[in-house]
Amino acid sequence: MLPDLSIIKIYRKKAGVSQKELSRLLKISQSYLNKIENLASEPPYNLGKRIIETLKSLKNKNESVEVKSLMTKIKRVNLNKTVKEAVDLMHELGVSQLPVTDGVVIVGSFTKRTIPLLIKRGYKNVEELVVKDVMEAPFPMIPEDSPIQLVSNLLEYNEAVLLLKNGIFSGIISKKDLLKVLE
């Protein structure tokens, strides 16, 4: 007998997995999974069992994952660089966000979504702007020995999370890096 299906949403959140990721793993549509989670649709017994087993295995796998194993060592962009230099660096590194620094201190963030926002606001020569004039708030910073669930929760609302070792920036985790947990 299957447990109460209302626990699916709870298990999924504890495992730190989005509906999109879980539906991809289960090879079902996200909308169907949403209906199951919200008790608007009752899955066949075999699918319900597979969902519960998948979530339990993800939870166990996530508990053993070291956050620092997911991080990427990444360059930073200085707040006095131009937007063009920051964009060129992002292209060179194949990333969509960069921490912004003043010396060794992280003071902000620069992401791929910055450029369309600047154009929308009417800036003409975006490439000539200086990063410090357009940077956003810094990404959240946590110790590199933090639990994976914390990283997953932070990535729901942020483009990236910075990891610290002894208070010093040691790497970055993006949503793309978090997908390594499912591999």
# chains A, B, ... in the order shown; residues from 1 in each chain; ligands from 1

$ residues_around --residues "A:Asn34" --least-positions-apart "4" --cutoff "10 Å" --atoms "only C-alpha atoms" --output "list in words"
Lys9, Gln19, Lys20, Ser23, Ser29, Gln30, Asn38, Leu39, Ala40 and Ser41 of chain A

$ residues_around --residues "A:Leu178" --least-positions-apart "2" --cutoff "9 Å" --atoms "only C-alpha atoms" --output "short mmCIF file (atom, residue, chain, number, x, y, z; two decimals) with C-alpha atoms, in the first residue's frame"
data_model
loop_
_atom_site.label_atom_id
_atom_site.label_comp_id
_atom_site.auth_asym_id
_atom_site.auth_seq_id
_atom_site.Cartn_x
_atom_site.Cartn_y
_atom_site.Cartn_z
CA LEU A 70 29.49 20.98 -6.65
CA MET A 71 31.21 24.35 -6.65
CA ILE A 148 22.87 20.79 0.18
CA VAL A 151 22.03 25.68 -1.29
CA SER A 152 18.94 24.35 -3.05
CA LEU A 155 18.99 28.91 -5.51
CA ILE A 173 27.37 27.20 -7.16
CA SER A 174 24.76 27.94 -9.80
CA LYS A 175 21.53 26.15 -10.63
CA LYS A 176 23.43 24.32 -13.36
CA LYS A 180 25.16 17.42 -10.76
CA VAL A 181 23.37 15.95 -7.73
CA LEU A 182 20.92 14.21 -10.06
#

$ closest_residue --among "A:Ile142, A:Leu162, A:Lys27, A:Val131" --to "A:Asn80" --atoms "only C-alpha atoms"
A:Val131

$ select_by_dssp --residues "chain A" --states "strand (DSSP E)" --output "PDB file with N, CA and C atoms, in the first residue's frame"
ATOM      1  N   VAL A  77      34.769  39.752 -11.319  1.00  0.00           N
ATOM      2  CA  VAL A  77      34.969  40.959 -12.101  1.00  0.00           C
ATOM      3  C   VAL A  77      35.102  42.127 -11.122  1.00  0.00           C
ATOM      4  N   ASN A  78      36.076  42.978 -11.375  1.00  0.00           N
ATOM      5  CA  ASN A  78      36.304  44.154 -10.533  1.00  0.00           C
ATOM      6  C   ASN A  78      35.226  45.195 -10.818  1.00  0.00           C
ATOM      7  N   GLN A  97      26.804  34.482 -14.720  1.00  0.00           N
ATOM      8  CA  GLN A  97      26.880  35.409 -13.595  1.00  0.00           C
ATOM      9  C   GLN A  97      28.298  35.457 -13.048  1.00  0.00           C
ATOM     10  N   LEU A  98      28.621  36.610 -12.454  1.00  0.00           N
ATOM     11  CA  LEU A  98      29.935  36.790 -11.839  1.00  0.00           C
ATOM     12  C   LEU A  98      29.790  37.573 -10.540  1.00  0.00           C
ATOM     13  N   PRO A  99      30.581  37.199  -9.530  1.00  0.00           N
ATOM     14  CA  PRO A  99      30.659  38.060  -8.344  1.00  0.00           C
ATOM     15  C   PRO A  99      31.431  39.326  -8.717  1.00  0.00           C
ATOM     16  N   VAL A 100      31.059  40.431  -8.118  1.00  0.00           N
ATOM     17  CA  VAL A 100      31.765  41.700  -8.336  1.00  0.00           C
ATOM     18  C   VAL A 100      32.578  41.989  -7.084  1.00  0.00           C
ATOM     19  N   THR A 101      33.870  42.347  -7.289  1.00  0.00           N
ATOM     20  CA  THR A 101      34.750  42.585  -6.147  1.00  0.00           C
ATOM     21  C   THR A 101      35.369  43.972  -6.180  1.00  0.00           C
ATOM     22  N   ASP A 102      35.725  44.403  -4.983  1.00  0.00           N
ATOM     23  CA  ASP A 102      36.543  45.605  -4.791  1.00  0.00           C
ATOM     24  C   ASP A 102      37.762  45.092  -4.045  1.00  0.00           C
ATOM     25  N   VAL A 105      37.187  41.942  -1.564  1.00  0.00           N
ATOM     26  CA  VAL A 105      35.863  41.994  -0.932  1.00  0.00           C
ATOM     27  C   VAL A 105      34.774  41.896  -2.001  1.00  0.00           C
ATOM     28  N   ILE A 106      33.833  40.989  -1.793  1.00  0.00           N
ATOM     29  CA  ILE A 106      32.704  40.833  -2.715  1.00  0.00           C
ATOM     30  C   ILE A 106      31.683  41.908  -2.386  1.00  0.00           C
ATOM     31  N   VAL A 107      31.367  42.731  -3.402  1.00  0.00           N
ATOM     32  CA  VAL A 107      30.483  43.871  -3.171  1.00  0.00           C
ATOM     33  C   VAL A 107      29.192  43.824  -3.989  1.00  0.00           C
ATOM     34  N   GLY A 108      29.099  42.875  -4.907  1.00  0.00           N
ATOM     35  CA  GLY A 108      27.902  42.817  -5.736  1.00  0.00           C
ATOM     36  C   GLY A 108      27.930  41.631  -6.666  1.00  0.00           C
ATOM     37  N   SER A 109      27.003  41.654  -7.631  1.00  0.00           N
ATOM     38  CA  SER A 109      26.929  40.589  -8.624  1.00  0.00           C
ATOM     39  C   SER A 109      26.578  41.201  -9.977  1.00  0.00           C
ATOM     40  N   PHE A 110      26.975  40.482 -11.014  1.00  0.00           N
ATOM     41  CA  PHE A 110      26.675  40.894 -12.387  1.00  0.00           C
ATOM     42  C   PHE A 110      26.161  39.648 -13.098  1.00  0.00           C
ATOM     43  N   THR A 111      24.956  39.742 -13.690  1.00  0.00           N
ATOM     44  CA  THR A 111      24.358  38.571 -14.329  1.00  0.00           C
ATOM     45  C   THR A 111      23.944  38.882 -15.763  1.00  0.00           C
ATOM     46  N   MET A 141      26.172  34.242   0.639  1.00  0.00           N
ATOM     47  CA  MET A 141      27.440  33.591   0.947  1.00  0.00           C
ATOM     48  C   MET A 141      27.242  32.643   2.126  1.00  0.00           C
ATOM     49  N   ILE A 142      27.709  31.399   1.970  1.00  0.00           N
ATOM     50  CA  ILE A 142      27.573  30.391   3.019  1.00  0.00           C
ATOM     51  C   ILE A 142      28.871  29.596   3.139  1.00  0.00           C
ATOM     52  N   PRO A 143      29.118  28.969   4.282  1.00  0.00           N
ATOM     53  CA  PRO A 143      30.312  28.120   4.420  1.00  0.00           C
ATOM     54  C   PRO A 143      30.228  26.928   3.467  1.00  0.00           C
ATOM     55  N   ALA A 160      22.908  32.455  -8.007  1.00  0.00           N
ATOM     56  CA  ALA A 160      24.058  31.664  -7.569  1.00  0.00           C
ATOM     57  C   ALA A 160      24.232  31.821  -6.060  1.00  0.00           C
ATOM     58  N   VAL A 161      25.087  30.953  -5.503  1.00  0.00           N
ATOM     59  CA  VAL A 161      25.455  31.017  -4.085  1.00  0.00           C
ATOM     60  C   VAL A 161      26.968  30.958  -4.021  1.00  0.00           C
ATOM     61  N   LEU A 162      27.555  31.832  -3.223  1.00  0.00           N
ATOM     62  CA  LEU A 162      29.010  31.839  -3.052  1.00  0.00           C
ATOM     63  C   LEU A 162      29.378  31.001  -1.839  1.00  0.00           C
ATOM     64  N   LEU A 163      30.457  30.239  -1.974  1.00  0.00           N
ATOM     65  CA  LEU A 163      30.937  29.413  -0.871  1.00  0.00           C
ATOM     66  C   LEU A 163      32.166  30.050  -0.254  1.00  0.00           C
ATOM     67  N   LEU A 164      32.245  29.959   1.061  1.00  0.00           N
ATOM     68  CA  LEU A 164      33.362  30.533   1.803  1.00  0.00           C
ATOM     69  C   LEU A 164      34.087  29.449   2.582  1.00  0.00           C
ATOM     70  N   LYS A 165      35.400  29.546   2.599  1.00  0.00           N
ATOM     71  CA  LYS A 165      36.224  28.674   3.436  1.00  0.00           C
ATOM     72  C   LYS A 165      37.031  29.589   4.348  1.00  0.00           C
ATOM     73  N   ILE A 168      36.791  33.210   3.433  1.00  0.00           N
ATOM     74  CA  ILE A 168      37.350  33.655   2.153  1.00  0.00           C
ATOM     75  C   ILE A 168      36.617  32.954   1.016  1.00  0.00           C
ATOM     76  N   PHE A 169      36.263  33.696  -0.009  1.00  0.00           N
ATOM     77  CA  PHE A 169      35.551  33.174  -1.168  1.00  0.00           C
ATOM     78  C   PHE A 169      36.326  32.002  -1.768  1.00  0.00           C
ATOM     79  N   SER A 170      35.647  30.845  -1.895  1.00  0.00           N
ATOM     80  CA  SER A 170      36.327  29.663  -2.436  1.00  0.00           C
ATOM     81  C   SER A 170      35.682  29.146  -3.717  1.00  0.00           C
ATOM     82  N   GLY A 171      34.453  29.539  -4.010  1.00  0.00           N
ATOM     83  CA  GLY A 171      33.800  29.079  -5.223  1.00  0.00           C
ATOM     84  C   GLY A 171      32.370  29.538  -5.306  1.00  0.00           C
ATOM     85  N   ILE A 172      31.712  29.095  -6.364  1.00  0.00           N
ATOM     86  CA  ILE A 172      30.340  29.505  -6.634  1.00  0.00           C
ATOM     87  C   ILE A 172      29.543  28.272  -7.055  1.00  0.00           C
ATOM     88  N   ILE A 173      28.274  28.255  -6.703  1.00  0.00           N
ATOM     89  CA  ILE A 173      27.366  27.197  -7.156  1.00  0.00           C
ATOM     90  C   ILE A 173      26.185  27.873  -7.832  1.00  0.00           C
ATOM     91  N   SER A 174      25.910  27.435  -9.056  1.00  0.00           N
ATOM     92  CA  SER A 174      24.755  27.937  -9.800  1.00  0.00           C
ATOM     93  C   SER A 174      23.710  26.828  -9.879  1.00  0.00           C
TER      94      SER A 174
END

$ atom_distance --atom1 "atom CA of A:Pro147" --atom2 "atom CA of A:Thr54"
20.0 Å

$ atom_distance --atom1 "atom CA of A:Tyr157" --atom2 "atom CA of A:Ala137"
12.6 Å

$ residues_around --residues "A:Leu26" --least-positions-apart "3" --cutoff "8 Å" --atoms "only C-alpha atoms" --output "list in words"
Leu22, Ser23, Arg50 and Ile51 of chain A

$ decode --residues "stretch 93-108 of chain A" --atoms "C-alpha atoms" --output "PDB file, in the first residue's frame"
ATOM      1  CA  LEU A  93      34.201  31.378 -18.940  1.00  0.00           C
ATOM      2  CA  GLY A  94      30.853  30.131 -20.251  1.00  0.00           C
ATOM      3  CA  VAL A  95      28.948  31.442 -17.231  1.00  0.00           C
ATOM      4  CA  SER A  96      25.888  33.626 -16.801  1.00  0.00           C
ATOM      5  CA  GLN A  97      26.880  35.409 -13.595  1.00  0.00           C
ATOM      6  CA  LEU A  98      29.935  36.790 -11.839  1.00  0.00           C
ATOM      7  CA  PRO A  99      30.659  38.060  -8.344  1.00  0.00           C
ATOM      8  CA  VAL A 100      31.765  41.700  -8.336  1.00  0.00           C
ATOM      9  CA  THR A 101      34.750  42.585  -6.147  1.00  0.00           C
ATOM     10  CA  ASP A 102      36.543  45.605  -4.791  1.00  0.00           C
ATOM     11  CA  GLY A 103      39.969  44.125  -4.182  1.00  0.00           C
ATOM     12  CA  VAL A 104      39.224  40.876  -2.349  1.00  0.00           C
ATOM     13  CA  VAL A 105      35.863  41.994  -0.932  1.00  0.00           C
ATOM     14  CA  ILE A 106      32.704  40.833  -2.715  1.00  0.00           C
ATOM     15  CA  VAL A 107      30.483  43.871  -3.171  1.00  0.00           C
ATOM     16  CA  GLY A 108      27.902  42.817  -5.736  1.00  0.00           C
TER      17      GLY A 108
END
